[in-house]
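Peer 1: Would you mind keeping the following structure in view while I ask a few things?
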Amino acid sequence: MNSWVLFSDTCRYRMENGWLTPGPAMFGTESSLSMFLNTLTPKFYVALTGTSSLISGLILIFEWWYFRKYGTSFIEQVSVSHLRPLLGGVDSSSPSNPNTSNGEADSNRQSVSECKVWRNPLNLFRGAEYNRYTWVTGREPLTYYDMNLSAQDHQTFFTCDSDHLRPADAIMQKAWRERNPQARISAAHEALELEDCATAYILLAEEEATTIMEAERLFKQALKAGEGCYRRSQQLQHHGTQYEAQHRRDTNVLVYIKRRLAMCSRKLGRTREAVKMMRDLCVFQLMKEFPLLSMFNIHENLLESLLELQNYADVQAVLAKYDDISLPKSATICYTAALLKARAVSDKFSPEAASRRGLSTAEMNAVEAIHRAVEFNPHVPKYLLEMKSLILPPEHILKRGDSEAIAYAFFHLQHWKRVEGALNLLHCTWEGTFRMIPYPLEKGHLFYPYPICTETADRELLPMFHEVSVYPKKELPFFILFTAGLCSFTAMLALLTHQFPELMGVFAKAFLSTLFAPLNFIMEKVESILPSSLWHQLTRI
């Protein structure tokens with residue numbers, strides 16, 4: 001600061017005495033610019049361009065990593081979230097009009113509900129299937145977020161406020177909250193030493209059993225203990241809220257055990273036995289009015305088993321009951337309906353013949369069913385057509401998301417292959433869905449607009465080694481393209497400057513001279529117009 005004051009006083013003194021007159025040299029003329037550029041060596045240009053290339057390359061790598069992980073540009077997100085409010089912009093996340101119409105509010109509510117995470121009706125066994133995959137490949141098929149959701153489900157299904165009255169249930173209440181698998185298994189064994197505890201057998205069947213047969217044996221023991229608890233609590237359910245909560249918990253435990261026993265029978269090849277057990281469970285679920293029973297979605301297990309038996313008439317009967325406009329949809333419901341309609345025409349379908357004569361009524365119905373299914377979940381066809389590799393399905397799925405597509409295709413791909421021509425019909429028609437919904441995030445055709453939260457939730461549910469399917473496909477953000485171009489351009493300049501230093505120095509001087517020429521021209525015009533006395537007054541200020 002002192003040096004600047006001294007410099008200003010010196011300039012004022014020299015001007016007052018006529019030693020210094022205002023002119024082009026005061027404002028950086030071409031001669032002074034040329035003198036400055038002549039002092040720069042080629043090494044300076046190499047260092048300058050090389051450093052610029054390195055910095056832009058690092059920014060590019062970080063932006064690409066952030067985009068791959070979170071699906072958005074970091075610079076864009078920071079500018080929208082932090083800089084925009086500071087500059088007086090409107091936050092896009094808040095509604096601009098407080099008087100939102102009822103239709104828009106219903107649409108928003110539907111989008112939120114469709115982003116709800118659901119328990120996978122066909123989830124595998126941890127000990128017999130998920131852990132075996134880990135032993136063979138060394139990869140973890142389940143994410144921490146997925147397992148944490150399962151822990152919350154188990155606490156909701158298998159515990160109640162009166163567990164402290166029974167020592168075994170009190171131990172299991174703590175066991176479901178344990179994060180360490182070995183600690184949970186040890187607690188289950190400790191509970192079984194006190195009494196036959198149904199939930200303890202469930203935990204051992206899910207996590208300790210290494211084969212499906214061993215898991216089935218433990219579930220049968222759990223069924224014996226669970227039926228006894230259910231009968232006792234059924235008699236006392238009207239004696240107070242405490243007994244009613246016990247009965248509700250015992251009902252959840254019994255339904256869970258029977259459902260897993262049916263899945264064991266299905267996996268061991270006893271499909272007809274599994275179908276009978278699932279039918280009984282569906283009737284039991286309709287008779288009971290407990291809201292948690294609807295979370296099991298047993299009808300989806302039943303549909304898969306009926307398709308395995310190729311009992312398409314019964315599949316159609318189940319769809320007629322559950323494919324209702326008032327009930328929530330799923331990929332299993334929509335794609336199974338499409339498979340049944342495709343089965344009627346797929347064996348004789350030919351795209352060449354259809355283009356010549358047009359589609360028949362049955363073929364049109366099949367194509368419309370496929371379009372309906374693809375609109376609900378656009379990720380499924382890539383797995384059914386084996387354009388993307390399958391992984392083990394997670395324990396929880398997001399409807400209309402990639403996780404639901406994996407869970408559906410993992411169990412139903414064989415059923416599509418079994419129907420002759422079904423995959424060919426799907427291959428020829430599924431992409432036509434996107435022409436009907438050019439803006440899927442804004443407006444749908446048969447369903448609500450596609451929710452924007454699926455990618456984030458699927459990244460939490462699916463393991464890191466899986467490439468999450470994104471719909472609609474996002475274009476690369478501007479800042480990634482900009483940094484990629486800047487990095488390439490500066491790297492090329494650094495290379496050319498290193499190879500041809502003299503020539504690049506001439507180009508740099510010519511470029512800078514051309515860049516500053518308009519400024520010098522303007523300053524010269526200003527100096528010629530304004531009187532010299534004004535410059536004396538300006539220098540005194």
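Residues in the structure tokens are numbered from 1 in each chain, the chains being A, B, ... in the order shown, and ligands are numbered from 1 in the order shown.
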Can you pull out the residues contacting Ala320 in chain A? Cut-off 12 Å, using only C-alpha atoms, and skip same-chain residues under 4 positions away; I want them as a tab-separated table (two decimals) with N, CA, C and O atoms, in the first residue's frame.

Peer 2:
```tsv
chain	number	residue	atom	x	y	z
A	299	HIS	N	-48.67	-63.00	-4.48
A	299	HIS	CA	-49.19	-63.33	-5.81
A	299	HIS	C	-48.09	-63.32	-6.86
A	299	HIS	O	-48.20	-64.02	-7.88
A	303	LEU	N	-47.40	-66.31	-9.44
A	303	LEU	CA	-47.32	-66.15	-10.89
A	303	LEU	C	-46.07	-66.84	-11.45
A	303	LEU	O	-46.14	-67.53	-12.49
A	313	ALA	N	-53.60	-70.61	-18.08
A	313	ALA	CA	-54.97	-70.25	-17.74
A	313	ALA	C	-55.05	-69.74	-16.30
A	313	ALA	O	-55.72	-68.73	-16.02
A	314	ASP	N	-54.35	-70.42	-15.39
A	314	ASP	CA	-54.34	-69.96	-14.00
A	314	ASP	C	-53.56	-68.65	-13.86
A	314	ASP	O	-53.89	-67.81	-13.02
A	315	VAL	N	-52.53	-68.47	-14.68
A	315	VAL	CA	-51.79	-67.20	-14.67
A	315	VAL	C	-52.72	-66.07	-15.06
A	315	VAL	O	-52.73	-64.99	-14.43
A	316	GLN	N	-53.55	-66.30	-16.09
A	316	GLN	CA	-54.50	-65.27	-16.52
A	316	GLN	C	-55.53	-64.98	-15.43
A	316	GLN	O	-55.94	-63.82	-15.23
A	324	ASP	N	-55.37	-54.77	-11.63
A	324	ASP	CA	-56.52	-53.87	-11.54
A	324	ASP	C	-56.04	-52.44	-11.46
A	324	ASP	O	-54.95	-52.17	-10.92
A	325	ILE	N	-56.85	-51.51	-11.96
A	325	ILE	CA	-56.42	-50.11	-11.99
A	325	ILE	C	-56.26	-49.53	-10.59
A	325	ILE	O	-55.51	-48.59	-10.37
A	327	LEU	N	-55.05	-51.17	-7.99
A	327	LEU	CA	-53.95	-51.82	-7.28
A	327	LEU	C	-52.61	-51.36	-7.85
A	327	LEU	O	-52.51	-51.04	-9.03
A	333	ILE	N	-46.38	-57.98	-12.92
A	333	ILE	CA	-47.76	-57.90	-13.43
A	333	ILE	C	-47.76	-57.47	-14.89
A	333	ILE	O	-48.39	-58.11	-15.76
A	334	CYS	N	-47.06	-56.40	-15.22
A	334	CYS	CA	-47.12	-55.84	-16.57
A	334	CYS	C	-46.48	-56.76	-17.60
A	334	CYS	O	-47.04	-56.99	-18.69
A	336	THR	N	-45.83	-60.03	-17.33
A	336	THR	CA	-46.52	-61.31	-17.46
A	336	THR	C	-47.75	-61.16	-18.33
A	336	THR	O	-48.05	-62.04	-19.16
A	337	ALA	N	-48.47	-60.04	-18.18
A	337	ALA	CA	-49.61	-59.79	-19.06
A	337	ALA	C	-49.16	-59.67	-20.51
A	337	ALA	O	-49.82	-60.18	-21.44
```

Peer 1: Would you pick out the contacts of Leu495 in chain A at 9 Å or less, using only C-alpha atoms, so that residues sharing its chain but fewer than 4 positions from it are not included, and give the list as an MDAnalysis selection string?

Peer 2: chainID A and resid 46 49:50 490:491 499:500

Peer 1: Select, from A:Leu122, A:Ala47, A:Cys229, A:Ala362, the residue with the minimum atom-to-atom distance to Ala198 in chain A, counting only C-alpha atoms.

Peer 2: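 Of A:Leu122, A:Ala47, A:Cys229, A:Ala362, the one nearest Ala198 in chain A is A:Cys229, counting only C-alpha atoms.
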
Peer 1: Would you list the contacts of Glu308 in chain A as a list in words, taking every protein, DNA or RNA residue within 8 Å and counting only C-alpha atoms, but skipping same-chain residues closer than 4 positions in sequence?

Peer 2: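 Those residues are Thr271, Glu304 and His415 of chain A.
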
Peer 1: Write down as a tab-separated table (two decimals) with C-alpha atoms, in the first residue's frame the residues belonging to range 145-290 of chain A that are assigned helix (DSSP H, G or I) by DSSP computed on the backbone.

Peer 2:
```
chain	number	residue	atom	x	y	z
A	145	TYR	CA	-28.23	-49.88	2.44
A	146	ASP	CA	-30.11	-52.97	1.25
A	147	MET	CA	-29.18	-55.02	4.32
A	148	ASN	CA	-30.08	-52.13	6.61
A	149	LEU	CA	-33.55	-52.02	5.05
A	150	SER	CA	-33.88	-55.77	5.64
A	151	ALA	CA	-32.94	-55.30	9.29
A	152	GLN	CA	-35.69	-52.70	9.63
A	153	ASP	CA	-38.17	-55.07	7.96
A	154	HIS	CA	-37.27	-57.89	10.33
A	155	GLN	CA	-37.78	-55.66	13.34
A	156	THR	CA	-41.18	-54.64	11.95
A	157	PHE	CA	-42.29	-58.19	11.08
A	158	PHE	CA	-40.88	-60.20	13.97
A	163	ASP	CA	-41.30	-59.16	23.62
A	164	HIS	CA	-39.75	-58.44	27.01
A	165	LEU	CA	-42.30	-60.78	28.59
A	167	PRO	CA	-36.94	-64.23	27.35
A	168	ALA	CA	-36.35	-65.82	23.93
A	169	ASP	CA	-38.23	-63.04	22.13
A	170	ALA	CA	-36.29	-60.44	24.12
A	171	ILE	CA	-33.02	-61.97	22.91
A	172	MET	CA	-34.26	-62.06	19.31
A	173	GLN	CA	-35.36	-58.44	19.54
A	174	LYS	CA	-31.71	-57.53	20.17
A	175	ALA	CA	-30.50	-60.03	17.57
A	181	PRO	CA	-23.99	-61.70	11.22
A	182	GLN	CA	-22.13	-63.97	13.64
A	183	ALA	CA	-23.56	-62.05	16.60
A	184	ARG	CA	-27.07	-62.54	15.20
A	185	ILE	CA	-26.53	-66.27	14.70
A	186	SER	CA	-25.10	-66.65	18.22
A	187	ALA	CA	-28.09	-64.83	19.68
A	188	ALA	CA	-30.48	-67.14	17.79
A	189	HIS	CA	-28.77	-70.21	19.23
A	190	GLU	CA	-28.96	-68.63	22.68
A	191	ALA	CA	-32.71	-68.06	22.25
A	192	LEU	CA	-33.25	-71.70	21.17
A	193	GLU	CA	-31.55	-72.90	24.35
A	194	LEU	CA	-34.38	-71.27	26.32
A	198	ALA	CA	-39.89	-69.40	15.65
A	199	THR	CA	-37.98	-66.19	14.85
A	200	ALA	CA	-34.70	-67.81	15.96
A	201	TYR	CA	-35.25	-70.64	13.48
A	202	ILE	CA	-36.04	-68.05	10.80
A	203	LEU	CA	-32.75	-66.25	11.35
A	204	LEU	CA	-30.76	-69.49	11.23
A	205	ALA	CA	-32.57	-70.62	8.07
A	206	GLU	CA	-31.92	-67.31	6.37
A	207	GLU	CA	-28.31	-66.71	7.38
A	208	GLU	CA	-26.64	-69.87	8.72
A	212	ILE	CA	-31.80	-74.86	0.47
A	213	MET	CA	-32.53	-78.28	2.01
A	214	GLU	CA	-31.02	-77.20	5.32
A	215	ALA	CA	-32.98	-73.96	5.20
A	216	GLU	CA	-36.19	-75.91	4.54
A	217	ARG	CA	-35.54	-78.14	7.55
A	218	LEU	CA	-35.10	-75.10	9.81
A	219	PHE	CA	-38.21	-73.43	8.41
A	220	LYS	CA	-40.26	-76.56	9.16
A	221	GLN	CA	-39.10	-76.35	12.78
A	222	ALA	CA	-39.99	-72.65	12.74
A	223	LEU	CA	-43.44	-73.52	11.37
A	224	LYS	CA	-44.11	-75.93	14.22
A	225	ALA	CA	-43.13	-73.31	16.82
A	226	GLY	CA	-44.88	-70.49	14.98
A	227	GLU	CA	-48.22	-72.33	14.70
A	228	GLY	CA	-48.25	-72.92	18.46
A	229	CYS	CA	-47.64	-69.23	19.19
A	230	TYR	CA	-50.28	-68.24	16.62
A	231	ARG	CA	-52.98	-70.44	18.17
A	232	ARG	CA	-52.27	-69.14	21.67
A	233	SER	CA	-52.25	-65.47	20.62
A	234	GLN	CA	-55.40	-65.96	18.51
A	235	GLN	CA	-57.35	-66.94	21.58
A	236	LEU	CA	-56.16	-63.91	23.54
A	237	GLN	CA	-56.16	-61.23	20.80
A	238	HIS	CA	-59.34	-59.53	22.08
A	239	HIS	CA	-58.15	-59.22	25.68
A	241	THR	CA	-53.96	-54.04	22.75
A	242	GLN	CA	-50.92	-55.92	24.02
A	243	TYR	CA	-52.38	-59.31	23.02
A	244	GLU	CA	-53.57	-57.86	19.71
A	245	ALA	CA	-50.00	-56.74	18.91
A	246	GLN	CA	-48.72	-60.22	19.78
A	247	HIS	CA	-51.28	-61.81	17.47
A	248	ARG	CA	-50.36	-59.45	14.65
A	249	ARG	CA	-46.67	-60.29	15.11
A	250	ASP	CA	-47.39	-64.06	15.23
A	251	THR	CA	-49.47	-63.74	12.05
A	252	ASN	CA	-46.59	-62.01	10.24
A	253	VAL	CA	-44.18	-64.71	11.42
A	254	LEU	CA	-46.48	-67.53	10.28
A	255	VAL	CA	-47.07	-66.02	6.83
A	256	TYR	CA	-43.34	-65.36	6.38
A	257	ILE	CA	-42.45	-68.97	7.29
A	258	LYS	CA	-45.04	-70.50	4.96
A	259	ARG	CA	-43.97	-68.22	2.11
A	260	ARG	CA	-40.31	-69.17	2.51
A	261	LEU	CA	-41.23	-72.86	2.74
A	262	ALA	CA	-43.12	-72.48	-0.55
A	263	MET	CA	-40.06	-70.84	-2.09
A	264	CYS	CA	-37.88	-73.73	-0.84
A	265	SER	CA	-40.24	-76.19	-2.51
A	266	ARG	CA	-40.07	-74.16	-5.73
A	267	LYS	CA	-36.27	-74.12	-5.67
A	271	THR	CA	-43.42	-76.70	-7.98
A	272	ARG	CA	-46.97	-78.05	-7.59
A	273	GLU	CA	-46.52	-78.24	-3.86
A	274	ALA	CA	-45.23	-74.67	-3.89
A	275	VAL	CA	-48.26	-73.50	-5.91
A	276	LYS	CA	-50.66	-75.09	-3.41
A	277	MET	CA	-48.94	-73.40	-0.47
A	278	MET	CA	-48.92	-70.02	-2.24
A	279	ARG	CA	-52.62	-70.29	-3.10
A	280	ASP	CA	-53.41	-70.93	0.54
A	281	LEU	CA	-51.31	-67.93	1.52
A	282	CYS	CA	-53.10	-65.68	-0.96
A	283	VAL	CA	-56.46	-66.73	0.51
A	284	PHE	CA	-55.12	-66.20	4.02
A	285	GLN	CA	-53.81	-62.77	3.03
A	286	LEU	CA	-57.23	-61.77	1.67
A	287	MET	CA	-58.98	-62.96	4.85
```

Peer 1: Please determine, counting only C-alpha atoms, which residue among A:Lys473, A:Arg166, A:His427, A:Arg400 has the shortest atom-to-atom distance to Lys382 in chain A.

Peer 2: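 Distance minimum relative to Lys382 in chain A lands on A:His427.
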